[in-house]
Structure formats: structure tokens, C-alpha cells
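**Student:** Structure in C-alpha cells, see below.
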Amino acid sequence: GEMSILSEIEFEVLDEVYFPTSVETITKNSMKPVDLIKATLSSLLEKKFIHQMKFNEAMNDYERLITPDFSNFENYLYVASKQGLLAHNG
């Protein structure tokens with residue numbers, strides 16, 4: 001059925017990113033190895049189910065990365081996109 005869009009781990013990670021959240025927090029809350037979390041974030045980014053957020057000093061706020069950075073996961077926060085929330089709640 002609909003559930004097959006997301007793997008179990010993708011579903012768990014989406015649970016953690018209703019609000020902008022760090023890799024460290026996602027890893028701690030999911031109790032999964034950090035490498036698995038990064039791989040999952042990577043696949044969710046490719047599916048456009050999450051956004052990568054970067055702190056902008058000038059705006060004093062987080063802004064969305066247009067092009068995902070797949071090499072420095074710890075530098076960003078992650079938040080579910082509208083598509084991600086739809087897939088998660090589907």
C-alpha cells in the first residue's frame with residue numbers, strides 16, 4: 001500500500017523532523033547509528049521529503065539550502081518538507 005513509499009527508518013527520521021533538528025538529535029532520539037541516519041537523510045533529501053537548513057548570520061535565521069550538501073551533514077538542520085509530511089501521514 002501507500003506505506004511502501006517510506007522505509008521504516010525513513011519514517012522514523014521523518015518523525016524527528018517536524019521542526020528543524022540536528023543530525024546529533026535525530027541520532028540520539030532514534031538510537032540508530034549515525035552513518036545510517038546520514039544515509040537516510042541523504043535518501044530523504046533526494047526524494048525532496050526533507051529540507052536542509054543553514055544558519056544565515058545576516059538574517060539571524062535558518063534558510064533552506066537550494067542544492068543539498070551531501071558531504072557535511074552535521075553543519076545543517078533538517079526539517080520535513082510538505083511532500084515529506086504527506087508521505088509520512090499517508
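Quick note on naming: the chains in the C-alpha cells go A, B, ... in the order shown, residues restart at 1 in each chain, and ligands are numbered from 1 in order of appearance.
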At a cut-off of 10 Å, using only C-alpha atoms, what residues contact stretch 56-67 of chain A? Leave out same-chain residues fewer than 2 positions from it and give the result as a VMD selection string.

**Tutor:** chain A and resid 20 45 51 to 54 69 to 70 76 to 79

**Student:** Keeping only C-alpha atoms, write those residues as an mmCIF file, in the first residue's frame.

**Tutor:**
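Wrote it out as again-v9.cif, contents follow:
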```
data_model
loop_
_atom_site.group_PDB
_atom_site.id
_atom_site.type_symbol
_atom_site.label_atom_id
_atom_site.label_comp_id
_atom_site.auth_asym_id
_atom_site.auth_seq_id
_atom_site.Cartn_x
_atom_site.Cartn_y
_atom_site.Cartn_z
ATOM 1 C CA PRO A 20 14.362 21.846 12.303
ATOM 2 C CA LEU A 45 16.848 14.753 0.516
ATOM 3 C CA HIS A 51 14.931 20.327 3.566
ATOM 4 C CA GLN A 52 18.463 21.076 4.719
ATOM 5 C CA MET A 53 18.561 24.300 6.735
ATOM 6 C CA LYS A 54 21.597 26.537 7.170
ATOM 7 C CA ASP A 69 25.139 19.338 0.615
ATOM 8 C CA PHE A 70 25.708 15.590 0.909
ATOM 9 C CA TYR A 76 22.785 21.686 8.973
ATOM 10 C CA LEU A 77 19.385 21.210 10.492
ATOM 11 C CA TYR A 78 16.735 19.067 8.819
ATOM 12 C CA VAL A 79 13.016 19.643 8.552
#
```

**Student:** Find the residues near A:Glu24: any atom within 9 Å, counting only C-alpha atoms, skip ones fewer than 4 places away on the same chain, and give them as a list in words.

**Tutor:**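 Here the answer would be Lys28, Asn29, Val34 and Glu74 of chain A.
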
**Student:** Could you name the residues that touch stretch 16-18 of chain A at 12 Å or less, counting only C-alpha atoms, but leaving out those on the same chain fewer than 5 positions away, as a PDB file with N, CA, C and O atoms, in the first residue's frame?

**Tutor:**
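Once written, result01.pdb looks like this:
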```pdb
ATOM      1  N   ILE A   9      13.053   3.162   8.558  1.00  0.00           N
ATOM      2  CA  ILE A   9      13.995   4.144   9.092  1.00  0.00           C
ATOM      3  C   ILE A   9      13.674   5.551   8.556  1.00  0.00           C
ATOM      4  O   ILE A   9      13.770   6.537   9.290  1.00  0.00           O
ATOM      5  N   GLU A  10      13.263   5.660   7.304  1.00  0.00           N
ATOM      6  CA  GLU A  10      12.873   6.966   6.757  1.00  0.00           C
ATOM      7  C   GLU A  10      11.677   7.508   7.537  1.00  0.00           C
ATOM      8  O   GLU A  10      11.620   8.697   7.863  1.00  0.00           O
ATOM      9  N   PHE A  11      10.751   6.623   7.842  1.00  0.00           N
ATOM     10  CA  PHE A  11       9.571   7.004   8.611  1.00  0.00           C
ATOM     11  C   PHE A  11       9.989   7.530   9.986  1.00  0.00           C
ATOM     12  O   PHE A  11       9.508   8.567  10.450  1.00  0.00           O
ATOM     13  N   VAL A  23      21.505  16.522  13.147  1.00  0.00           N
ATOM     14  CA  VAL A  23      21.873  15.106  12.984  1.00  0.00           C
ATOM     15  C   VAL A  23      22.057  14.463  14.357  1.00  0.00           C
ATOM     16  O   VAL A  23      21.584  13.356  14.607  1.00  0.00           O
ATOM     17  N   GLU A  24      22.724  15.190  15.247  1.00  0.00           N
ATOM     18  CA  GLU A  24      23.008  14.675  16.590  1.00  0.00           C
ATOM     19  C   GLU A  24      21.719  14.316  17.332  1.00  0.00           C
ATOM     20  O   GLU A  24      21.603  13.238  17.919  1.00  0.00           O
ATOM     21  N   THR A  25      20.749  15.208  17.272  1.00  0.00           N
ATOM     22  CA  THR A  25      19.470  14.978  17.960  1.00  0.00           C
ATOM     23  C   THR A  25      18.696  13.834  17.323  1.00  0.00           C
ATOM     24  O   THR A  25      18.157  12.975  18.031  1.00  0.00           O
ATOM     25  N   ILE A  26      18.661  13.796  15.994  1.00  0.00           N
ATOM     26  CA  ILE A  26      17.954  12.710  15.289  1.00  0.00           C
ATOM     27  C   ILE A  26      18.579  11.367  15.670  1.00  0.00           C
ATOM     28  O   ILE A  26      17.872  10.405  15.972  1.00  0.00           O
ATOM     29  N   THR A  27      19.914  11.327  15.682  1.00  0.00           N
ATOM     30  CA  THR A  27      20.641  10.095  16.006  1.00  0.00           C
ATOM     31  C   THR A  27      20.338   9.647  17.429  1.00  0.00           C
ATOM     32  O   THR A  27      20.041   8.471  17.676  1.00  0.00           O
ATOM     33  N   LYS A  28      20.376  10.596  18.354  1.00  0.00           N
ATOM     34  CA  LYS A  28      20.134  10.294  19.766  1.00  0.00           C
ATOM     35  C   LYS A  28      18.702   9.795  19.966  1.00  0.00           C
ATOM     36  O   LYS A  28      18.491   8.782  20.629  1.00  0.00           O
ATOM     37  N   ASN A  29      17.743  10.489  19.372  1.00  0.00           N
ATOM     38  CA  ASN A  29      16.341  10.128  19.570  1.00  0.00           C
ATOM     39  C   ASN A  29      15.963   8.813  18.903  1.00  0.00           C
ATOM     40  O   ASN A  29      15.122   8.083  19.417  1.00  0.00           O
ATOM     41  N   SER A  30      16.572   8.520  17.757  1.00  0.00           N
ATOM     42  CA  SER A  30      16.226   7.290  17.043  1.00  0.00           C
ATOM     43  C   SER A  30      17.026   6.099  17.556  1.00  0.00           C
ATOM     44  O   SER A  30      16.660   4.960  17.292  1.00  0.00           O
ATOM     45  N   MET A  31      18.128   6.380  18.276  1.00  0.00           N
ATOM     46  CA  MET A  31      19.016   5.327  18.790  1.00  0.00           C
ATOM     47  C   MET A  31      19.526   4.416  17.671  1.00  0.00           C
ATOM     48  O   MET A  31      19.630   3.204  17.814  1.00  0.00           O
ATOM     49  N   ILE A  37      21.738   7.145   9.894  1.00  0.00           N
ATOM     50  CA  ILE A  37      20.958   8.390   9.893  1.00  0.00           C
ATOM     51  C   ILE A  37      21.363   9.254   8.697  1.00  0.00           C
ATOM     52  O   ILE A  37      20.509   9.774   7.975  1.00  0.00           O
ATOM     53  N   LEU A  41      19.008  10.459   5.713  1.00  0.00           N
ATOM     54  CA  LEU A  41      18.828  11.877   5.385  1.00  0.00           C
ATOM     55  C   LEU A  41      19.126  12.101   3.909  1.00  0.00           C
ATOM     56  O   LEU A  41      18.417  12.840   3.222  1.00  0.00           O
ATOM     57  N   LEU A  44      16.235  10.830   1.862  1.00  0.00           N
ATOM     58  CA  LEU A  44      15.080  11.728   2.035  1.00  0.00           C
ATOM     59  C   LEU A  44      15.295  13.045   1.291  1.00  0.00           C
ATOM     60  O   LEU A  44      14.351  13.596   0.717  1.00  0.00           O
ATOM     61  N   PHE A  49      11.854  14.960   0.475  1.00  0.00           N
ATOM     62  CA  PHE A  49      10.967  14.794   1.626  1.00  0.00           C
ATOM     63  C   PHE A  49      11.428  15.611   2.827  1.00  0.00           C
ATOM     64  O   PHE A  49      10.689  15.765   3.798  1.00  0.00           O
ATOM     65  N   ILE A  50      12.663  16.099   2.789  1.00  0.00           N
ATOM     66  CA  ILE A  50      13.166  16.983   3.839  1.00  0.00           C
ATOM     67  C   ILE A  50      13.934  18.134   3.206  1.00  0.00           C
ATOM     68  O   ILE A  50      14.349  18.043   2.049  1.00  0.00           O
ATOM     69  N   HIS A  51      14.098  19.201   3.967  1.00  0.00           N
ATOM     70  CA  HIS A  51      14.931  20.327   3.566  1.00  0.00           C
ATOM     71  C   HIS A  51      16.134  20.382   4.499  1.00  0.00           C
ATOM     72  O   HIS A  51      16.025  20.072   5.684  1.00  0.00           O
ATOM     73  N   GLN A  52      17.255  20.814   3.945  1.00  0.00           N
ATOM     74  CA  GLN A  52      18.463  21.076   4.719  1.00  0.00           C
ATOM     75  C   GLN A  52      18.446  22.573   5.037  1.00  0.00           C
ATOM     76  O   GLN A  52      18.257  23.396   4.140  1.00  0.00           O
ATOM     77  N   MET A  53      18.633  22.914   6.307  1.00  0.00           N
ATOM     78  CA  MET A  53      18.561  24.300   6.735  1.00  0.00           C
ATOM     79  C   MET A  53      19.924  24.769   7.234  1.00  0.00           C
ATOM     80  O   MET A  53      20.592  24.055   7.969  1.00  0.00           O
ATOM     81  N   LEU A  77      20.572  21.755   9.850  1.00  0.00           N
ATOM     82  CA  LEU A  77      19.385  21.210  10.492  1.00  0.00           C
ATOM     83  C   LEU A  77      18.497  20.640   9.391  1.00  0.00           C
ATOM     84  O   LEU A  77      18.613  21.020   8.225  1.00  0.00           O
ATOM     85  N   TYR A  78      17.607  19.749   9.772  1.00  0.00           N
ATOM     86  CA  TYR A  78      16.735  19.067   8.819  1.00  0.00           C
ATOM     87  C   TYR A  78      15.290  19.230   9.244  1.00  0.00           C
ATOM     88  O   TYR A  78      14.963  19.121  10.424  1.00  0.00           O
ATOM     89  N   VAL A  79      14.444  19.493   8.262  1.00  0.00           N
ATOM     90  CA  VAL A  79      13.016  19.643   8.552  1.00  0.00           C
ATOM     91  C   VAL A  79      12.219  19.007   7.413  1.00  0.00           C
ATOM     92  O   VAL A  79      12.622  19.064   6.251  1.00  0.00           O
ATOM     93  N   ALA A  80      11.107  18.395   7.766  1.00  0.00           N
ATOM     94  CA  ALA A  80      10.265  17.738   6.761  1.00  0.00           C
ATOM     95  C   ALA A  80       9.697  18.767   5.792  1.00  0.00           C
ATOM     96  O   ALA A  80       9.325  19.866   6.183  1.00  0.00           O
ATOM     97  N   SER A  81       9.650  18.401   4.520  1.00  0.00           N
ATOM     98  CA  SER A  81       9.003  19.235   3.502  1.00  0.00           C
ATOM     99  C   SER A  81       7.517  18.880   3.487  1.00  0.00           C
ATOM    100  O   SER A  81       7.090  17.904   4.123  1.00  0.00           O
ATOM    101  N   LYS A  82       6.756  19.641   2.735  1.00  0.00           N
ATOM    102  CA  LYS A  82       5.324  19.342   2.612  1.00  0.00           C
ATOM    103  C   LYS A  82       5.126  17.930   2.047  1.00  0.00           C
ATOM    104  O   LYS A  82       4.310  17.168   2.554  1.00  0.00           O
ATOM    105  N   GLY A  84       7.187  15.462   2.268  1.00  0.00           N
ATOM    106  CA  GLY A  84       7.607  14.520   3.301  1.00  0.00           C
ATOM    107  C   GLY A  84       6.518  14.294   4.329  1.00  0.00           C
ATOM    108  O   GLY A  84       6.266  13.149   4.744  1.00  0.00           O
ATOM    109  N   LEU A  85       5.857  15.370   4.738  1.00  0.00           N
ATOM    110  CA  LEU A  85       4.771  15.254   5.712  1.00  0.00           C
ATOM    111  C   LEU A  85       3.608  14.467   5.120  1.00  0.00           C
ATOM    112  O   LEU A  85       3.003  13.629   5.806  1.00  0.00           O
ATOM    113  N   LEU A  86       3.313  14.712   3.844  1.00  0.00           N
ATOM    114  CA  LEU A  86       2.242  13.970   3.179  1.00  0.00           C
ATOM    115  C   LEU A  86       2.573  12.482   3.113  1.00  0.00           C
ATOM    116  O   LEU A  86       1.722  11.641   3.386  1.00  0.00           O
ATOM    117  N   HIS A  88       4.607  10.878   5.076  1.00  0.00           N
ATOM    118  CA  HIS A  88       4.660  10.391   6.459  1.00  0.00           C
ATOM    119  C   HIS A  88       3.259  10.128   7.010  1.00  0.00           C
ATOM    120  O   HIS A  88       3.029   9.145   7.701  1.00  0.00           O
ATOM    121  N   ASN A  89       2.330  11.021   6.668  1.00  0.00           N
ATOM    122  CA  ASN A  89       0.980  10.895   7.190  1.00  0.00           C
ATOM    123  C   ASN A  89       0.072  10.045   6.320  1.00  0.00           C
ATOM    124  O   ASN A  89      -1.014   9.673   6.723  1.00  0.00           O
TER     125      ASN A  89
END
```

**Student:** Pick from A:Phe73, A:Asp35, A:Pro68, A:Gln83: nearest to A:Leu14, with only C-alpha atoms counted?

**Tutor:**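 Going through A:Phe73, A:Asp35, A:Pro68, A:Gln83 one by one, the smallest distance to A:Leu14 is for A:Gln83.
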